[in-house]
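Below you'll find the structure, written out as structure tokens, and then a few comments.
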Amino acid sequence: MSEDQDLVVILTALNLEYQAVRRRLAGPQVHRHERGTRFEVGTVQGTSCRVALALTNKGNASAAVIAERAIQEFSPVAVLFVGVAGALWETARLGDVVVATHVYAYHGGTSEDDGLKARPRVWEAPHGISQLASHLARVNDWADGTPGRERAPQVRFGAIAAGEVVQNSRISAEARWIRQHYNDALAIEMEAAGVAQAGHLSGAPVAIVRGISDRADGTKSSAKDRSLQPRAAANAAAFATRLAVELVGEKEQTVMSRAEKARAADRLEGHVSNTAHGSTVGIMAGSVKDSNVHIDTDAGPHPAGPKNLVAELDGFRLHLMRHHAEGALDDDTCREALADLDSARRAAEHDTPESAKKAVMTLKRLRGLVADCPALAARLAPLVVAAGGRA
């Protein structure tokens, strides 16, 4: 499955974390995986960034399975795991957001006569995501302005330790062991290692975004969770959705750049220079000036190669999403148009007569969908020609 250029997967372990993200989505629609996993796909309010949201439940194993399933189902720009965590040190205050620079699976170890020896697995956050998250933290305009709040939450960057038990002690043997072997970890939780492993195996960028809801020091309680977890989850959701929007924006710029390069390459292929001084060259050309021969590549229909057509379709997607964001296309029309565009793109990736016919028929149907938007319809006409049909 090709990468979905405008979609980010967001996963949570708890329902309150799920609701914190869902409140930031417009028009969520249910999408069911064939094995029963339930996703809701909506757009971040006020943007064209799509989010596929799902609940993993607690634990690294469950999180890894659902993350892998989401990656295979959507091929997203990135996977974000969003929720609450306990702070291991005073650096991160209650309500702050921690973005993982790397994740420790801290329960790896070897038990020997002289004690438990740490054998952790570690996953670093992708460089591009870390850079973008750091930029958003510097800009610092992601948090909600809540009246009466004592201070705005801060974004902290550091290691996150992921294990298999809820940590709520500062003096237990395990608590001392964690602080001895993982003393650079800012926060502790139970899912990040599974999601990081799934991303590593699937080649999908992963970011872990956690709001601090307790201190994992023995003071955690159900009563405190009811008051502190919603705030921490809301802060994590606010930063994560902003990060998702920026990730999609960067991806769109990359796609547009590639499409522009493909068009430039096509133009260069149609330009020939005559370097034989004083000679006469016989050639079929659109125009000849001095020693330069220009072939008019736009003189008539010419099918584009599969790769170039795919790039043009990716470029068209950006125009489609922009018109939707500007209100020129309603939600239902945009959703159907994106489905047709994805179908045409998959067909264009295969250079066979059958796939070409399918691409043509799908693009013609798409042109009918956007007929009320002349700019989009005009852009589709040469794509139909390139796919092998007639505009």
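Going through the structure tokens in order, the chains are called A, B, and so on, while each chain numbers its residues from 1 and the ligands are numbered from 1 in the order shown.
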Using only C-alpha atoms, which residues sit within 10 Å of range 52-59 of chain A once same-chain residues fewer than 2 positions away are excluded, as a PDB file with C-alpha atoms, in the first residue's frame?
```pdb
ATOM      1  CA  LEU A   7      -2.865  10.967   7.304  1.00  0.00           C
ATOM      2  CA  VAL A   8      -1.256  10.400  10.697  1.00  0.00           C
ATOM      3  CA  VAL A   9      -2.172   7.516  12.998  1.00  0.00           C
ATOM      4  CA  ILE A  10      -2.687   8.429  16.672  1.00  0.00           C
ATOM      5  CA  LEU A  11      -2.948   5.628  19.219  1.00  0.00           C
ATOM      6  CA  THR A  12      -3.911   5.792  22.890  1.00  0.00           C
ATOM      7  CA  ALA A  13      -4.117   3.220  25.694  1.00  0.00           C
ATOM      8  CA  LEU A  14      -6.908   4.726  27.808  1.00  0.00           C
ATOM      9  CA  ASN A  15     -10.368   5.982  26.914  1.00  0.00           C
ATOM     10  CA  GLU A  17      -6.662   9.766  26.260  1.00  0.00           C
ATOM     11  CA  TYR A  18      -8.730   8.700  23.246  1.00  0.00           C
ATOM     12  CA  GLN A  19     -11.413  11.275  24.054  1.00  0.00           C
ATOM     13  CA  VAL A  21      -7.633  13.435  20.908  1.00  0.00           C
ATOM     14  CA  ARG A  22     -11.105  12.845  19.471  1.00  0.00           C
ATOM     15  CA  LEU A  25     -11.087  16.026  15.277  1.00  0.00           C
ATOM     16  CA  PRO A  28     -14.740  11.428  12.580  1.00  0.00           C
ATOM     17  CA  GLN A  29     -15.943   8.396  10.607  1.00  0.00           C
ATOM     18  CA  VAL A  30     -15.653   4.763  11.692  1.00  0.00           C
ATOM     19  CA  HIS A  31     -13.157   2.629   9.784  1.00  0.00           C
ATOM     20  CA  THR A  37      -9.986  -3.133  15.240  1.00  0.00           C
ATOM     21  CA  ARG A  38     -12.049   0.055  15.242  1.00  0.00           C
ATOM     22  CA  PHE A  39     -10.515   3.276  13.961  1.00  0.00           C
ATOM     23  CA  GLU A  40     -12.102   6.699  13.684  1.00  0.00           C
ATOM     24  CA  VAL A  41     -10.786   8.842  10.850  1.00  0.00           C
ATOM     25  CA  GLY A  42     -11.318  12.598  11.005  1.00  0.00           C
ATOM     26  CA  THR A  43      -9.489  15.821  10.297  1.00  0.00           C
ATOM     27  CA  ARG A  50      -6.411  13.484   8.608  1.00  0.00           C
ATOM     28  CA  ALA A  61       2.313  -6.150  23.465  1.00  0.00           C
ATOM     29  CA  SER A  62      -1.179  -4.863  22.735  1.00  0.00           C
ATOM     30  CA  ALA A  63       0.192  -1.502  21.577  1.00  0.00           C
ATOM     31  CA  ALA A  64       2.640  -3.204  19.203  1.00  0.00           C
ATOM     32  CA  VAL A  65      -0.074  -5.315  17.559  1.00  0.00           C
ATOM     33  CA  ILE A  66      -2.454  -2.401  17.007  1.00  0.00           C
ATOM     34  CA  ALA A  67       0.372  -0.134  15.799  1.00  0.00           C
ATOM     35  CA  ALA A  70      -2.619   0.572  11.754  1.00  0.00           C
ATOM     36  CA  PHE A  74      -3.152   3.197   6.410  1.00  0.00           C
ATOM     37  CA  PRO A  76       0.581   6.822   7.408  1.00  0.00           C
ATOM     38  CA  VAL A  79       2.431   7.085  14.097  1.00  0.00           C
ATOM     39  CA  LEU A  80       1.994   9.059  17.321  1.00  0.00           C
ATOM     40  CA  PHE A  81       1.350   7.375  20.645  1.00  0.00           C
ATOM     41  CA  ALA A 162       8.426   1.535  29.052  1.00  0.00           C
ATOM     42  CA  GLY A 163       7.747  -1.566  31.122  1.00  0.00           C
ATOM     43  CA  GLU A 164       4.962  -3.970  31.956  1.00  0.00           C
ATOM     44  CA  VAL A 165       3.816  -2.794  35.393  1.00  0.00           C
ATOM     45  CA  VAL A 166       2.356   0.375  36.853  1.00  0.00           C
ATOM     46  CA  GLU A 189       4.779   4.175  31.094  1.00  0.00           C
ATOM     47  CA  MET A 190       3.670   0.868  29.513  1.00  0.00           C
ATOM     48  CA  GLU A 191       3.238   1.157  25.720  1.00  0.00           C
ATOM     49  CA  ALA A 192       6.028   3.114  24.034  1.00  0.00           C
ATOM     50  CA  ALA A 193       8.369   0.159  23.525  1.00  0.00           C
ATOM     51  CA  GLY A 194       5.725  -1.831  21.649  1.00  0.00           C
TER      52      GLY A 194
END
```
**Asked** For Pro374 in chain A, which residue out of A:Ala328, A:Asp217, A:Ser222, A:Leu201 is the nearest one, using only C-alpha atoms?
**Response** A:Ala328
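Near Ser134 in chain A, within 12 Å and counting only C-alpha atoms, sit Val98, Val99, Ala100, Thr101, His127, Gly128, Ile129, Ser130, Gln131, Ala137, Arg138, Val139, Asn140, Gln154, Val155, Arg156, Phe157, Gly158, Phe239, Leu243 and Glu246 of chain A; same-chain residues fewer than 3 positions away were not included.
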Go ahead and write the selection's residues with C-alpha atoms as a PDB file, in the first residue's frame.
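The resulting file, again_29.pdb, is shown below:
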```pdb
ATOM      1  CA  VAL A  98       7.322  14.799  27.437  1.00  0.00           C
ATOM      2  CA  VAL A  99       8.364  13.917  23.880  1.00  0.00           C
ATOM      3  CA  ALA A 100      10.593  10.852  23.749  1.00  0.00           C
ATOM      4  CA  THR A 101      14.061  11.298  22.308  1.00  0.00           C
ATOM      5  CA  HIS A 127      15.541  12.744  13.511  1.00  0.00           C
ATOM      6  CA  GLY A 128      12.983  14.631  11.423  1.00  0.00           C
ATOM      7  CA  ILE A 129      10.225  14.249  14.014  1.00  0.00           C
ATOM      8  CA  SER A 130      12.550  15.304  16.826  1.00  0.00           C
ATOM      9  CA  GLN A 131      13.587  18.400  14.890  1.00  0.00           C
ATOM     10  CA  ALA A 137       8.268  23.671  21.449  1.00  0.00           C
ATOM     11  CA  ARG A 138      10.258  26.822  20.662  1.00  0.00           C
ATOM     12  CA  VAL A 139       7.315  28.454  18.899  1.00  0.00           C
ATOM     13  CA  ASN A 140       5.218  27.492  21.939  1.00  0.00           C
ATOM     14  CA  GLN A 154       6.076  23.026  28.921  1.00  0.00           C
ATOM     15  CA  VAL A 155       7.466  20.503  26.439  1.00  0.00           C
ATOM     16  CA  ARG A 156      10.324  18.371  27.729  1.00  0.00           C
ATOM     17  CA  PHE A 157      12.552  16.141  25.623  1.00  0.00           C
ATOM     18  CA  GLY A 158      14.190  13.037  27.008  1.00  0.00           C
ATOM     19  CA  PHE A 239       0.762  19.016  21.198  1.00  0.00           C
ATOM     20  CA  LEU A 243       2.675  17.905  15.491  1.00  0.00           C
ATOM     21  CA  GLU A 246       3.037  20.003  10.789  1.00  0.00           C
TER      22      GLU A 246
END
```
